[in-house]
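Asks: Dropping in final_7.csv, which is CSV, C-alpha atoms:
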chain,number,residue,atom,x,y,z
A,1388,MET,CA,0.0,0.0,0.0
A,1389,PRO,CA,1.3,3.5,-0.7
A,1390,LEU,CA,2.8,5.3,2.3
A,1391,GLU,CA,2.6,2.2,4.4
A,1392,GLY,CA,6.3,2.3,5.2
A,1393,LEU,CA,6.2,6.1,5.9
A,1394,ASP,CA,3.1,5.7,8.1
A,1395,ARG,CA,5.0,3.0,10.2
A,1396,LEU,CA,8.0,5.3,10.4
A,1397,ARG,CA,5.8,8.2,11.6
A,1398,ARG,CA,4.4,6.0,14.3
A,1399,ARG,CA,8.0,5.1,15.4
A,1400,VAL,CA,9.0,8.8,15.4
A,1401,HIS,CA,5.8,9.7,17.4
A,1402,ASP,CA,6.5,7.0,19.9
A,1403,ASP,CA,10.2,7.8,20.4
A,1404,PRO,CA,10.9,11.4,21.6
A,1405,ASN,CA,14.6,10.9,21.3
A,1406,LEU,CA,14.3,9.9,17.6
A,1407,ALA,CA,12.0,12.9,17.0
A,1408,VAL,CA,14.4,15.3,18.6
A,1409,ARG,CA,17.4,13.9,16.7
A,1410,LEU,CA,15.8,14.1,13.3
A,1411,ARG,CA,14.4,17.6,14.0
A,1412,ALA,CA,17.9,18.8,14.8
A,1413,LEU,CA,19.2,17.9,11.4
A,1414,ALA,CA,19.7,20.6,8.8
A,1415,PRO,CA,16.9,20.4,6.1
A,1416,ALA,CA,19.4,19.4,3.4
A,1417,GLU,CA,20.4,16.3,5.4
A,1418,LEU,CA,17.0,15.2,6.4
A,1419,ASP,CA,15.7,13.3,3.3
A,1420,VAL,CA,18.8,11.1,3.2
A,1421,GLU,CA,18.7,10.5,7.0
A,1422,ILE,CA,15.0,9.7,7.0
A,1423,VAL,CA,15.5,7.1,4.2
A,1424,ARG,CA,18.4,5.6,6.1
A,1425,VAL,CA,16.6,5.4,9.5
A,1426,ALA,CA,13.5,4.0,7.7
A,1427,ALA,CA,15.6,1.2,6.2
A,1428,GLN,CA,17.2,0.5,9.6
A,1429,LEU,CA,13.7,0.2,11.2
A,1430,GLU,CA,12.4,-1.9,8.2
A,1431,CYS,CA,10.0,0.8,7.1
A,1432,GLU,CA,10.5,1.3,3.4
A,1433,VAL,CA,10.4,5.0,2.4
A,1434,THR,CA,11.5,6.6,-0.8
A,1435,GLU,CA,12.7,10.2,-1.4
A,1436,ALA,CA,9.9,10.6,-4.0
A,1437,GLU,CA,7.3,9.7,-1.2
A,1438,LEU,CA,8.9,12.3,1.0
A,1439,ARG,CA,8.7,15.0,-1.6
A,1440,ALA,CA,5.0,14.3,-2.1
A,1441,VAL,CA,4.3,14.3,1.6
A,1442,ILE,CA,6.2,17.5,2.1
A,1443,ALA,CA,4.3,19.2,-0.7
A,1444,GLU,CA,1.0,18.0,0.7
A,1445,ALA,CA,1.9,19.2,4.2
A,1446,HIS,CA,2.9,22.6,2.8
A,1447,GLU,CA,-0.5,23.0,1.2
A,1448,ARG,CA,-2.3,21.8,4.4
A,1449,TRP,CA,-0.4,24.4,6.5
A,1450,GLN,CA,-1.0,27.2,4.1
A,1451,LEU,CA,-4.8,26.4,4.2
A,1452,ARG,CA,-4.9,26.1,8.0
A,1453,TRP,CA,-7.2,29.0,8.4
A,1454,VAL,CA,-10.0,27.3,6.5
A,1455,LEU,CA,-9.4,23.6,7.3
B,930,MET,CA,-3.5,8.5,28.2
B,931,GLY,CA,-1.0,6.2,29.9
B,932,PRO,CA,2.3,7.5,31.2
B,933,VAL,CA,4.2,6.1,28.2
B,934,ALA,CA,2.0,7.7,25.7
B,935,ALA,CA,2.1,11.0,27.5
B,936,ALA,CA,5.9,10.9,27.6
B,937,SER,CA,5.9,10.5,23.8
B,938,PHE,CA,4.5,14.0,23.5
B,939,ALA,CA,7.4,15.5,25.5
B,940,PRO,CA,9.2,17.2,22.5
B,941,TRP,CA,5.9,18.1,20.7
B,942,THR,CA,4.1,21.4,21.0
B,943,PRO,CA,0.5,22.1,19.9
B,944,VAL,CA,0.8,24.7,17.1
B,945,TRP,CA,-2.6,24.8,15.7
B,946,ILE,CA,-6.2,23.7,16.4
B,947,ARG,CA,-8.4,23.1,13.4
B,948,ALA,CA,-12.0,23.5,14.3
B,949,ALA,CA,-13.9,23.6,11.0
B,950,GLY,CA,-15.0,20.0,11.5
B,951,GLU,CA,-14.3,17.7,14.5
B,952,PRO,CA,-11.5,19.7,16.3
B,953,VAL,CA,-8.0,18.3,15.9
B,954,VAL,CA,-4.6,19.5,17.1
B,955,ASP,CA,-1.5,19.8,14.9
B,956,TRP,CA,1.7,19.2,16.9
B,957,ALA,CA,5.2,20.1,15.9
B,958,VAL,CA,8.7,19.8,17.3
B,959,ILE,CA,9.6,23.5,17.6
B,960,GLY,CA,13.2,23.1,18.5
B,961,GLU,CA,13.7,26.7,19.7
B,962,PRO,CA,12.6,28.9,22.6
B,963,LEU,CA,9.5,31.0,22.2
B,964,THR,CA,11.0,34.4,21.7
B,965,ASP,CA,9.0,35.8,18.8
B,966,PRO,CA,6.5,38.6,19.5
B,967,PHE,CA,3.7,36.2,18.6
B,968,PHE,CA,3.5,32.4,19.0
B,969,GLU,CA,2.2,32.0,15.5
B,970,GLN,CA,5.5,33.2,14.1
B,971,THR,CA,7.3,30.5,15.9
B,972,ALA,CA,4.7,27.9,14.9
B,973,ASP,CA,4.9,29.0,11.2
B,974,ARG,CA,8.7,28.6,11.1
B,975,ALA,CA,8.5,25.2,12.8
B,976,MET,CA,5.9,24.0,10.3
B,977,ARG,CA,8.0,25.0,7.4
B,978,HIS,CA,10.8,22.8,8.6
B,979,PRO,CA,10.9,19.6,6.5
B,980,PHE,CA,10.9,17.4,9.7
B,981,ASN,CA,7.5,18.8,10.7
B,982,ARG,CA,6.2,18.6,7.1
B,983,VAL,CA,6.9,14.8,7.2
B,984,PHE,CA,6.3,14.0,10.9
B,985,ALA,CA,3.9,16.6,12.4
B,986,ARG,CA,1.3,14.7,14.2
B,987,THR,CA,-2.4,15.4,14.4
B,988,THR,CA,-4.6,14.2,17.3
B,989,PRO,CA,-8.2,14.7,18.4
B,990,LEU,CA,-8.6,17.7,20.6
B,991,GLY,CA,-9.5,15.4,23.5
B,992,VAL,CA,-5.8,14.3,23.8
B,993,LEU,CA,-5.2,17.7,25.5
B,994,GLN,CA,-7.6,16.8,28.2
B,995,GLN,CA,-5.8,13.6,29.1
B,996,PHE,CA,-2.5,15.1,30.3
B,997,GLY,CA,-2.2,15.2,34.1
B,998,LEU,CA,-1.1,18.5,35.5
B,999,ASP,CA,1.9,16.9,37.1
B,1000,GLU,CA,3.2,16.0,33.7
B,1001,PHE,CA,4.1,19.7,33.1
B,1002,PRO,CA,6.9,21.1,35.1
B,1003,LEU,CA,5.7,24.7,34.9
B,1004,ALA,CA,2.5,26.3,36.2
B,1005,PRO,CA,1.7,29.8,35.0
B,1006,ASP,CA,3.3,32.6,37.0
B,1007,GLY,CA,1.4,35.5,35.5
B,1008,PHE,CA,-1.2,36.5,32.9
B,1009,VAL,CA,-1.2,39.5,30.7
B,1010,PHE,CA,-4.6,40.8,29.4
B,1011,HIS,CA,-5.0,44.0,27.5
B,1012,MET,CA,-7.3,46.3,25.5
B,1013,SER,CA,-5.2,46.0,22.3
B,1014,ARG,CA,-2.7,48.5,20.9
B,1015,CYS,CA,-1.5,49.4,24.4
B,1016,GLY,CA,2.0,47.9,24.7
B,1017,SER,CA,1.1,44.3,25.5
B,1018,THR,CA,3.6,43.0,22.9
B,1019,LEU,CA,6.3,45.1,24.4
B,1020,VAL,CA,5.5,43.7,27.8
B,1021,ALA,CA,5.6,40.2,26.4
B,1022,GLN,CA,8.9,40.7,24.7
B,1023,MET,CA,10.4,42.2,27.8
B,1024,LEU,CA,9.2,39.1,29.9
B,1025,ALA,CA,10.6,36.9,27.1
B,1026,ALA,CA,14.0,38.6,27.3
B,1027,LEU,CA,14.5,37.1,30.7
B,1028,PRO,CA,16.4,33.8,30.1
B,1029,THR,CA,14.4,32.1,32.9
B,1030,SER,CA,11.1,32.9,31.3
B,1031,ILE,CA,8.8,31.4,28.7
B,1032,VAL,CA,6.1,33.7,27.3
B,1033,VAL,CA,3.2,32.1,25.3
B,1034,SER,CA,2.0,35.1,23.3
B,1035,GLU,CA,-1.4,35.0,21.7
B,1036,ALA,CA,-1.2,31.4,20.8
B,1037,GLN,CA,-3.8,30.2,18.3
B,1038,PRO,CA,-4.4,26.9,20.2
B,1039,LEU,CA,-5.6,28.8,23.3
B,1040,ASP,CA,-7.7,31.1,21.1
B,1041,ALA,CA,-9.3,28.2,19.3
B,1042,ILE,CA,-10.2,26.6,22.7
B,1043,VAL,CA,-11.8,29.8,23.8
B,1044,GLY,CA,-13.7,29.9,20.5
B,1045,LEU,CA,-15.0,26.4,20.9
B,1046,TYR,CA,-16.1,27.2,24.4
B,1047,ARG,CA,-17.9,30.4,23.2
B,1048,ALA,CA,-19.6,28.5,20.4
B,1049,GLY,CA,-20.9,25.9,22.9
B,1050,ARG,CA,-18.8,23.2,21.3
B,1051,LEU,CA,-16.8,22.6,24.6
B,1052,SER,CA,-18.5,22.5,28.0
B,1053,GLU,CA,-16.9,24.6,30.7
B,1054,ASP,CA,-15.4,21.5,32.3
B,1055,ASP,CA,-13.9,20.4,29.0
B,1056,ALA,CA,-12.6,23.8,28.2
B,1057,VAL,CA,-10.9,24.0,31.6
B,1058,LEU,CA,-9.2,20.6,31.0
B,1059,THR,CA,-8.3,21.5,27.4
B,1060,LEU,CA,-6.8,24.8,28.4
B,1061,ARG,CA,-4.7,23.2,31.0
B,1062,GLY,CA,-3.4,20.6,28.6
B,1063,ALA,CA,-2.7,23.1,25.9
B,1064,LEU,CA,-0.9,25.6,28.1
B,1065,GLY,CA,1.1,22.9,29.8
B,1066,ALA,CA,2.3,21.6,26.5
B,1067,LEU,CA,2.9,25.1,25.1
B,1068,GLY,CA,4.8,26.1,28.2
B,1069,ARG,CA,7.2,23.1,28.5
B,1070,PRO,CA,10.7,24.3,29.3
B,1071,ARG,CA,12.9,24.2,26.2
B,1072,LEU,CA,16.1,25.7,27.7
B,1073,GLY,CA,15.7,25.1,31.4
B,1074,GLU,CA,13.2,28.0,31.9
B,1075,ARG,CA,11.6,28.3,35.3
B,1076,ARG,CA,8.7,30.7,34.8
B,1077,LEU,CA,5.8,30.7,32.5
B,1078,PHE,CA,3.8,33.8,31.4
B,1079,VAL,CA,0.9,34.1,29.0
B,1080,LYS,CA,-0.1,37.0,27.0
B,1081,PHE,CA,-3.7,36.4,25.8
B,1082,HIS,CA,-5.6,37.8,22.9
B,1083,ALA,CA,-7.4,41.0,23.7
B,1084,SER,CA,-10.9,39.4,23.7
B,1085,HIS,CA,-9.9,36.7,26.2
B,1086,VAL,CA,-10.3,39.1,29.2
B,1087,VAL,CA,-14.0,38.5,28.7
B,1088,GLU,CA,-13.4,34.8,29.6
B,1089,LEU,CA,-11.3,35.6,32.6
B,1090,PRO,CA,-13.6,33.6,34.9
B,1091,LEU,CA,-12.9,30.5,32.8
B,1092,MET,CA,-9.1,31.2,32.8
B,1093,ALA,CA,-9.2,31.7,36.6
B,1094,ARG,CA,-11.0,28.3,37.0
B,1095,ALA,CA,-8.5,26.6,34.7
B,1096,PHE,CA,-5.5,28.3,36.4
B,1097,PRO,CA,-6.5,29.4,39.9
B,1098,ASN,CA,-4.4,32.0,41.8
B,1099,VAL,CA,-2.4,33.2,38.9
B,1100,PRO,CA,-1.9,37.0,39.2
B,1101,TRP,CA,-3.0,38.9,36.2
B,1102,VAL,CA,-2.4,42.4,34.8
B,1103,PHE,CA,-4.6,44.4,32.5
B,1104,LEU,CA,-2.8,46.8,30.2
B,1105,PHE,CA,-4.7,49.9,29.0
B,1106,ARG,CA,-4.0,53.1,27.2
B,1107,GLU,CA,-5.7,56.4,26.5
B,1108,PRO,CA,-8.6,55.4,24.3
B,1109,ARG,CA,-8.0,58.0,21.5
B,1110,ALA,CA,-4.6,56.5,20.9
B,1111,VAL,CA,-5.9,53.0,20.8
B,1112,LEU,CA,-8.8,53.9,18.5
B,1113,SER,CA,-6.5,55.9,16.2
B,1114,SER,CA,-4.2,52.9,15.9
B,1115,GLN,CA,-7.2,50.6,15.2
B,1116,ALA,CA,-8.3,53.1,12.5
B,1117,GLN,CA,-5.0,52.9,10.8
B,1118,THR,CA,-4.8,49.1,10.7
B,1119,LEU,CA,-7.8,47.2,12.2
B,1120,GLY,CA,-6.7,44.3,14.2
B,1121,ALA,CA,-8.3,40.8,14.3
B,1122,GLU,CA,-9.2,41.6,17.9
B,1123,THR,CA,-12.0,43.9,16.7
B,1124,PHE,CA,-13.5,42.1,13.8
B,1125,GLY,CA,-13.7,38.8,12.0
B,1126,GLY,CA,-12.7,35.8,14.1
B,1127,GLU,CA,-13.1,37.6,17.4
B,1128,THR,CA,-16.3,39.5,17.0
B,1129,GLY,CA,-17.8,38.1,13.8
B,1130,VAL,CA,-18.9,41.5,12.4
B,1131,VAL,CA,-17.8,43.8,9.7
B,1132,PRO,CA,-15.3,46.3,11.1
B,1133,ASP,CA,-15.7,50.0,11.3
B,1134,GLU,CA,-14.6,52.6,13.8
B,1135,GLU,CA,-17.6,52.2,16.0
B,1136,VAL,CA,-17.4,48.4,16.0
B,1137,ALA,CA,-13.7,48.6,17.0
B,1138,ALA,CA,-14.5,51.1,19.7
B,1139,ARG,CA,-17.3,48.9,21.1
B,1140,ALA,CA,-15.1,45.8,21.1
B,1141,VAL,CA,-12.3,47.6,22.9
B,1142,ALA,CA,-14.8,49.1,25.4
B,1143,GLY,CA,-16.1,45.6,26.0
B,1144,TYR,CA,-12.6,44.4,26.9
B,1145,CYS,CA,-12.1,47.2,29.3
B,1146,GLU,CA,-15.5,46.7,31.0
B,1147,ALA,CA,-14.8,43.0,31.3
B,1148,ALA,CA,-11.5,43.7,33.0
B,1149,LEU,CA,-13.1,46.1,35.5
B,1150,ARG,CA,-16.0,43.6,36.0
B,1151,HIS,CA,-13.6,40.8,36.7
B,1152,ALA,CA,-11.1,42.8,38.7
B,1153,ARG,CA,-11.9,41.0,42.0
B,1154,ILE,CA,-11.1,37.6,40.5
B,1155,GLY,CA,-7.8,36.6,41.9
B,1156,ARG,CA,-5.0,39.2,42.2
B,1157,SER,CA,-5.2,41.8,39.5
B,1158,SER,CA,-3.2,44.9,38.6
B,1159,PHE,CA,-4.1,47.6,36.1
B,1160,VAL,CA,-1.1,49.1,34.3
B,1161,GLU,CA,-1.3,52.1,32.0
B,1162,TYR,CA,0.7,52.3,28.7
B,1163,ALA,CA,2.2,55.7,29.7
B,1164,ARG,CA,4.1,53.9,32.5
B,1165,LEU,CA,5.8,51.5,30.1
B,1166,PRO,CA,8.4,50.3,29.8
B,1167,ASN,CA,9.5,51.1,33.3
B,1168,ALA,CA,6.4,49.6,34.8
B,1169,VAL,CA,7.6,46.1,33.7
B,1170,VAL,CA,10.5,46.4,36.1
B,1171,ASP,CA,8.8,48.5,38.8
B,1172,GLU,CA,5.3,47.0,38.8
B,1173,ILE,CA,4.7,44.0,36.7
B,1174,LEU,CA,7.6,41.8,37.5
B,1175,PRO,CA,7.3,42.4,41.3
B,1176,PHE,CA,3.6,41.7,41.0
B,1177,PHE,CA,4.3,38.4,39.4
B,1178,GLY,CA,6.9,37.6,42.1
B,1179,VAL,CA,9.9,37.8,39.9
B,1180,ARG,CA,13.3,38.9,41.3
B,1181,LEU,CA,15.8,40.0,38.7
B,1182,ASP,CA,19.1,38.1,38.2
B,1183,ASP,CA,22.4,39.5,37.1
B,1184,GLY,CA,22.1,41.0,33.7
B,1185,ASP,CA,18.4,41.1,33.6
B,1186,ARG,CA,18.1,44.8,33.8
B,1187,GLU,CA,20.2,45.2,30.7
B,1188,ARG,CA,18.2,42.5,28.9
B,1189,LEU,CA,15.0,44.3,29.7
B,1190,HIS,CA,16.4,47.6,28.6
B,1191,LEU,CA,17.5,46.2,25.2
B,1192,ALA,CA,14.1,44.5,24.7
B,1193,ALA,CA,12.3,47.8,25.6
B,1194,ARG,CA,14.2,49.6,22.8
B,1195,ARG,CA,13.2,47.2,20.1
B,1196,ASP,CA,10.0,47.9,18.1
B,1197,THR,CA,8.2,44.7,18.9
B,1198,LYS,CA,6.1,44.5,15.8
B,1199,ARG,CA,8.8,45.8,13.3
B,1200,PRO,CA,12.0,43.9,14.0
B,1201,GLY,CA,15.1,46.0,13.3
B,1202,GLU,CA,13.2,49.3,13.9
B,1203,PHE,CA,12.9,51.3,17.0
B,1204,ALA,CA,9.8,52.4,18.8
B,1205,ALA,CA,8.3,55.9,19.1
B,1206,ARG,CA,6.5,56.3,15.8
B,1207,GLU,CA,4.7,59.6,15.3
B,1208,ARG,CA,0.9,59.3,15.2
B,1209,PRO,CA,-1.6,61.9,14.1
B,1210,GLY,CA,-4.0,63.3,16.6
B,1211,PRO,CA,-7.5,61.7,16.9
B,1212,SER,CA,-10.1,62.5,14.3
B,1213,PRO,CA,-13.4,64.1,15.5
B,1214,ARG,CA,-15.1,60.8,15.0
B,1215,ILE,CA,-12.6,59.0,17.2
B,1216,ASP,CA,-12.8,61.7,19.8
B,1217,GLU,CA,-16.6,61.3,19.9
B,1218,LEU,CA,-16.4,57.5,20.1
B,1219,ALA,CA,-13.8,57.6,22.9
B,1220,ALA,CA,-15.8,60.1,24.9
B,1221,ARG,CA,-19.0,58.1,24.4
B,1222,LEU,CA,-17.8,54.5,24.8
B,1223,LEU,CA,-14.5,54.4,26.5
B,1224,ASP,CA,-13.7,57.4,28.7
B,1225,PRO,CA,-15.7,56.2,31.7
B,1226,ALA,CA,-13.9,52.8,31.7
B,1227,TYR,CA,-10.5,54.6,31.1
B,1228,GLU,CA,-11.1,56.8,34.2
B,1229,ALA,CA,-12.1,53.7,36.3
B,1230,MET,CA,-9.0,51.9,35.1
B,1231,ARG,CA,-6.8,54.8,36.0
B,1232,ALA,CA,-8.3,55.0,39.4
B,1233,ARG,CA,-7.5,51.3,39.9
B,1234,ALA,CA,-4.0,51.7,38.6
B,1235,ALA,CA,-3.5,54.5,41.1
B,1236,GLY,CA,-4.8,52.3,43.9
B,1237,CYS,CA,-8.0,54.3,44.5
Could you render the structure as structure tokens?

Replies:
Amino acid sequence: MPLEGLDRLRRRVHDDPNLAVRLRALAPAELDVEIVRVAAQLECEVTEAELRAVIAEAHERWQLRWVL
Amino acid sequence: MGPVAAASFAPWTPVWIRAAGEPVVDWAVIGEPLTDPFFEQTADRAMRHPFNRVFARTTPLGVLQQFGLDEFPLAPDGFVFHMSRCGSTLVAQMLAALPTSIVVSEAQPLDAIVGLYRAGRLSEDDAVLTLRGALGALGRPRLGERRLFVKFHASHVVELPLMARAFPNVPWVFLFREPRAVLSSQAQTLGAETFGGETGVVPDEEVAARAVAGYCEAALRHARIGRSSFVEYARLPNAVVDEILPFFGVRLDDGDRERLHLAARRDTKRPGEFAARERPGPSPRIDELAARLLDPAYEAMRARAAGC
């Protein structure tokens, strides 16, 4: 299923404050690669293309926060 | 929520509440202290970070009700209410200049909770629990801070009894200013506090004046709730050191006076500029509105500020 790996990774990040803090501290330019690496380590398959799509969707959702 | 689940929220801050449908909370890892003039500026920067674009979490509003008070290290030390355009952002920025302080300044999540309560979508009991959870999570120390202050939206003074029930015994100040100056500022650029989301009506000068008058009358009406202090704009910025901080029980540490002095010199709403902008005198219309709607409350607030 699309995003299944990313959804599992999100749950891991949400459940692990240390992992969340560590990833948040990375520079934006380093983040994609590190997310893919951590995802592989945790056996949650995530591609950079999926990340780009999710980031674009989140951008739109935040821009529209006043009406959602 | 069990203790493990609650612990998982430790680095997360509620940045936005969406209330168009079933209310939900957006959470982000902010990763910096709250030093912007308004919380939304910090929230916006956080939500633009790719980490939060990928991992920001969304929960039902009810999650905020499930935190225990003992899960948050800081209880609020002081509340700042105001009539708008009267130096409240300056006060917030001066409080935030103290390294031991967190200032939650006009945070949308608190405003959204008040809005849900006003709309009858949250009972008073639920609003109390939700406010406690939201402020606890907003006010988590990020750099070892020891004190928590809240600057509310102007209209929130109307809900002071609700705030006092949610956070008993928190001292509060009400900032006010000569009404013609406030209304002249509103006439130049109407603020959200006098139309739209807060009052739901089309703005004009009279609507703005009525809204501001309502805030002043609410402050006077609620003055006996807890410990209150009325502080006039004309006494700023010195009143922060001489009146507000002692009233909130804050003793200054080494270097704090210099930090406060520097914060007082910045223009709080125009970074990089300095305060003291020239304003034209009030128009006849504003003079009439101030005399009719605001002068009695202004005089009553001055009397309170003078201890009469």

Asks: Looking at B:Ala957, B:Ala1235, B:Leu1112, B:Cys1145, which one is nearest to chain A, with distances taken over only C-alpha atoms?

Replies: B:Ala957

Asks: Could you give me, as JSON lines, a per-residue list for chain A showing, wherever an atom lies at most 6 Å from an atom of chain B, the closest pair of atoms and their distance in Å to one decimal, using only C-alpha atoms and sorting by chain then residue number from low to high?

Replies:
{"residue": "A:Arg1397", "atom": "CA", "partner": "B:Phe984", "partner_atom": "CA", "distance": 5.9}
{"residue": "A:Asp1402", "atom": "CA", "partner": "B:Ser937", "partner_atom": "CA", "distance": 5.3}
{"residue": "A:Pro1404", "atom": "CA", "partner": "B:Ser937", "partner_atom": "CA", "distance": 5.5}
{"residue": "A:Arg1411", "atom": "CA", "partner": "B:Phe980", "partner_atom": "CA", "distance": 5.5}
{"residue": "A:Ile1442", "atom": "CA", "partner": "B:Arg982", "partner_atom": "CA", "distance": 5.1}
{"residue": "A:Ala1445", "atom": "CA", "partner": "B:Arg982", "partner_atom": "CA", "distance": 5.2}
{"residue": "A:Leu1455", "atom": "CA", "partner": "B:Ala949", "partner_atom": "CA", "distance": 5.8}

Asks: Rounded to one decimal, what separation in Å do you get between atom CA of Leu993 of chain B and atom CA of Val1179 of chain B?

Replies: 29.0 Å

Asks: Go ahead and compute the interatomic distance for atom CA of Val1141 of chain B and atom CA of Leu1223 of chain B, in Å to one decimal.

Replies: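 These atoms are spaced 8.0 Å apart.
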
Asks: One decimal, Å: what's the distance from atom CA of Glu1074 of chain B over to atom CA of Phe1103 of chain B, could you say?

Replies: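 Interatomic distance, atom CA of Glu1074 of chain B to atom CA of Phe1103 of chain B: 24.2 Å.
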
Asks: Using only C-alpha atoms, find the one residue out of B:Ala1137, B:Met1023, B:Ala1232, B:Ala1041 that sits nearest to Arg1186 of chain B.

Replies: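 Using only C-alpha atoms, Arg1186 of chain B sits closest to B:Met1023.
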
Asks: Between B:Ala1063, B:Leu1165, B:Leu1003, B:Leu1222, which is the closest to Val1136 of chain B once you count only C-alpha atoms?

Replies: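 Of B:Ala1063, B:Leu1165, B:Leu1003, B:Leu1222, the one nearest Val1136 of chain B, counting only C-alpha atoms, is B:Leu1222.
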
Asks: Tell me, as a PDB file with C-alpha atoms, in the coordinates of the input, which residues lie within 12 Å of Arg1071 of chain B, counting all atoms listed in the file; anything in the same chain fewer than 2 positions away does not count.

Replies:
ATOM      1  CA  VAL A1408      14.400  15.300  18.600  1.00  0.00           C
TER       2      VAL A1408
ATOM      3  CA  ALA B 939       7.400  15.500  25.500  1.00  0.00           C
ATOM      4  CA  PRO B 940       9.200  17.200  22.500  1.00  0.00           C
ATOM      5  CA  TRP B 941       5.900  18.100  20.700  1.00  0.00           C
ATOM      6  CA  THR B 942       4.100  21.400  21.000  1.00  0.00           C
ATOM      7  CA  VAL B 958       8.700  19.800  17.300  1.00  0.00           C
ATOM      8  CA  ILE B 959       9.600  23.500  17.600  1.00  0.00           C
ATOM      9  CA  GLY B 960      13.200  23.100  18.500  1.00  0.00           C
ATOM     10  CA  GLU B 961      13.700  26.700  19.700  1.00  0.00           C
ATOM     11  CA  PRO B 962      12.600  28.900  22.600  1.00  0.00           C
ATOM     12  CA  LEU B 963       9.500  31.000  22.200  1.00  0.00           C
ATOM     13  CA  THR B 964      11.000  34.400  21.700  1.00  0.00           C
ATOM     14  CA  PRO B1002       6.900  21.100  35.100  1.00  0.00           C
ATOM     15  CA  LEU B1003       5.700  24.700  34.900  1.00  0.00           C
ATOM     16  CA  PRO B1028      16.400  33.800  30.100  1.00  0.00           C
ATOM     17  CA  THR B1029      14.400  32.100  32.900  1.00  0.00           C
ATOM     18  CA  SER B1030      11.100  32.900  31.300  1.00  0.00           C
ATOM     19  CA  ILE B1031       8.800  31.400  28.700  1.00  0.00           C
ATOM     20  CA  VAL B1032       6.100  33.700  27.300  1.00  0.00           C
ATOM     21  CA  ALA B1066       2.300  21.600  26.500  1.00  0.00           C
ATOM     22  CA  LEU B1067       2.900  25.100  25.100  1.00  0.00           C
ATOM     23  CA  GLY B1068       4.800  26.100  28.200  1.00  0.00           C
ATOM     24  CA  ARG B1069       7.200  23.100  28.500  1.00  0.00           C
ATOM     25  CA  GLY B1073      15.700  25.100  31.400  1.00  0.00           C
ATOM     26  CA  GLU B1074      13.200  28.000  31.900  1.00  0.00           C
ATOM     27  CA  ARG B1075      11.600  28.300  35.300  1.00  0.00           C
ATOM     28  CA  ARG B1076       8.700  30.700  34.800  1.00  0.00           C
ATOM     29  CA  LEU B1077       5.800  30.700  32.500  1.00  0.00           C
TER      30      LEU B1077
END

Asks: Just save segment 1401-1430 of chain A with C-alpha atoms, as an mmCIF file, in the first residue's frame.

Replies:
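Writing done, so here's decode_12.cif:
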data_model
loop_
_atom_site.group_PDB
_atom_site.id
_atom_site.type_symbol
_atom_site.label_atom_id
_atom_site.label_comp_id
_atom_site.auth_asym_id
_atom_site.auth_seq_id
_atom_site.Cartn_x
_atom_site.Cartn_y
_atom_site.Cartn_z
ATOM 1 C CA HIS A 1401 5.838 9.743 17.360
ATOM 2 C CA ASP A 1402 6.477 7.025 19.930
ATOM 3 C CA ASP A 1403 10.183 7.805 20.366
ATOM 4 C CA PRO A 1404 10.888 11.358 21.624
ATOM 5 C CA ASN A 1405 14.647 10.888 21.259
ATOM 6 C CA LEU A 1406 14.347 9.907 17.610
ATOM 7 C CA ALA A 1407 12.017 12.857 16.979
ATOM 8 C CA VAL A 1408 14.431 15.304 18.577
ATOM 9 C CA ARG A 1409 17.412 13.854 16.744
ATOM 10 C CA LEU A 1410 15.752 14.087 13.329
ATOM 11 C CA ARG A 1411 14.393 17.580 14.036
ATOM 12 C CA ALA A 1412 17.900 18.776 14.849
ATOM 13 C CA LEU A 1413 19.197 17.868 11.383
ATOM 14 C CA ALA A 1414 19.665 20.553 8.757
ATOM 15 C CA PRO A 1415 16.885 20.415 6.147
ATOM 16 C CA ALA A 1416 19.387 19.443 3.447
ATOM 17 C CA GLU A 1417 20.431 16.346 5.418
ATOM 18 C CA LEU A 1418 16.970 15.233 6.418
ATOM 19 C CA ASP A 1419 15.741 13.317 3.344
ATOM 20 C CA VAL A 1420 18.769 11.077 3.232
ATOM 21 C CA GLU A 1421 18.699 10.464 6.985
ATOM 22 C CA ILE A 1422 14.975 9.661 6.987
ATOM 23 C CA VAL A 1423 15.470 7.091 4.236
ATOM 24 C CA ARG A 1424 18.436 5.610 6.135
ATOM 25 C CA VAL A 1425 16.570 5.444 9.467
ATOM 26 C CA ALA A 1426 13.528 4.002 7.735
ATOM 27 C CA ALA A 1427 15.615 1.214 6.234
ATOM 28 C CA GLN A 1428 17.159 0.536 9.639
ATOM 29 C CA LEU A 1429 13.677 0.224 11.156
ATOM 30 C CA GLU A 1430 12.449 -1.857 8.219
#
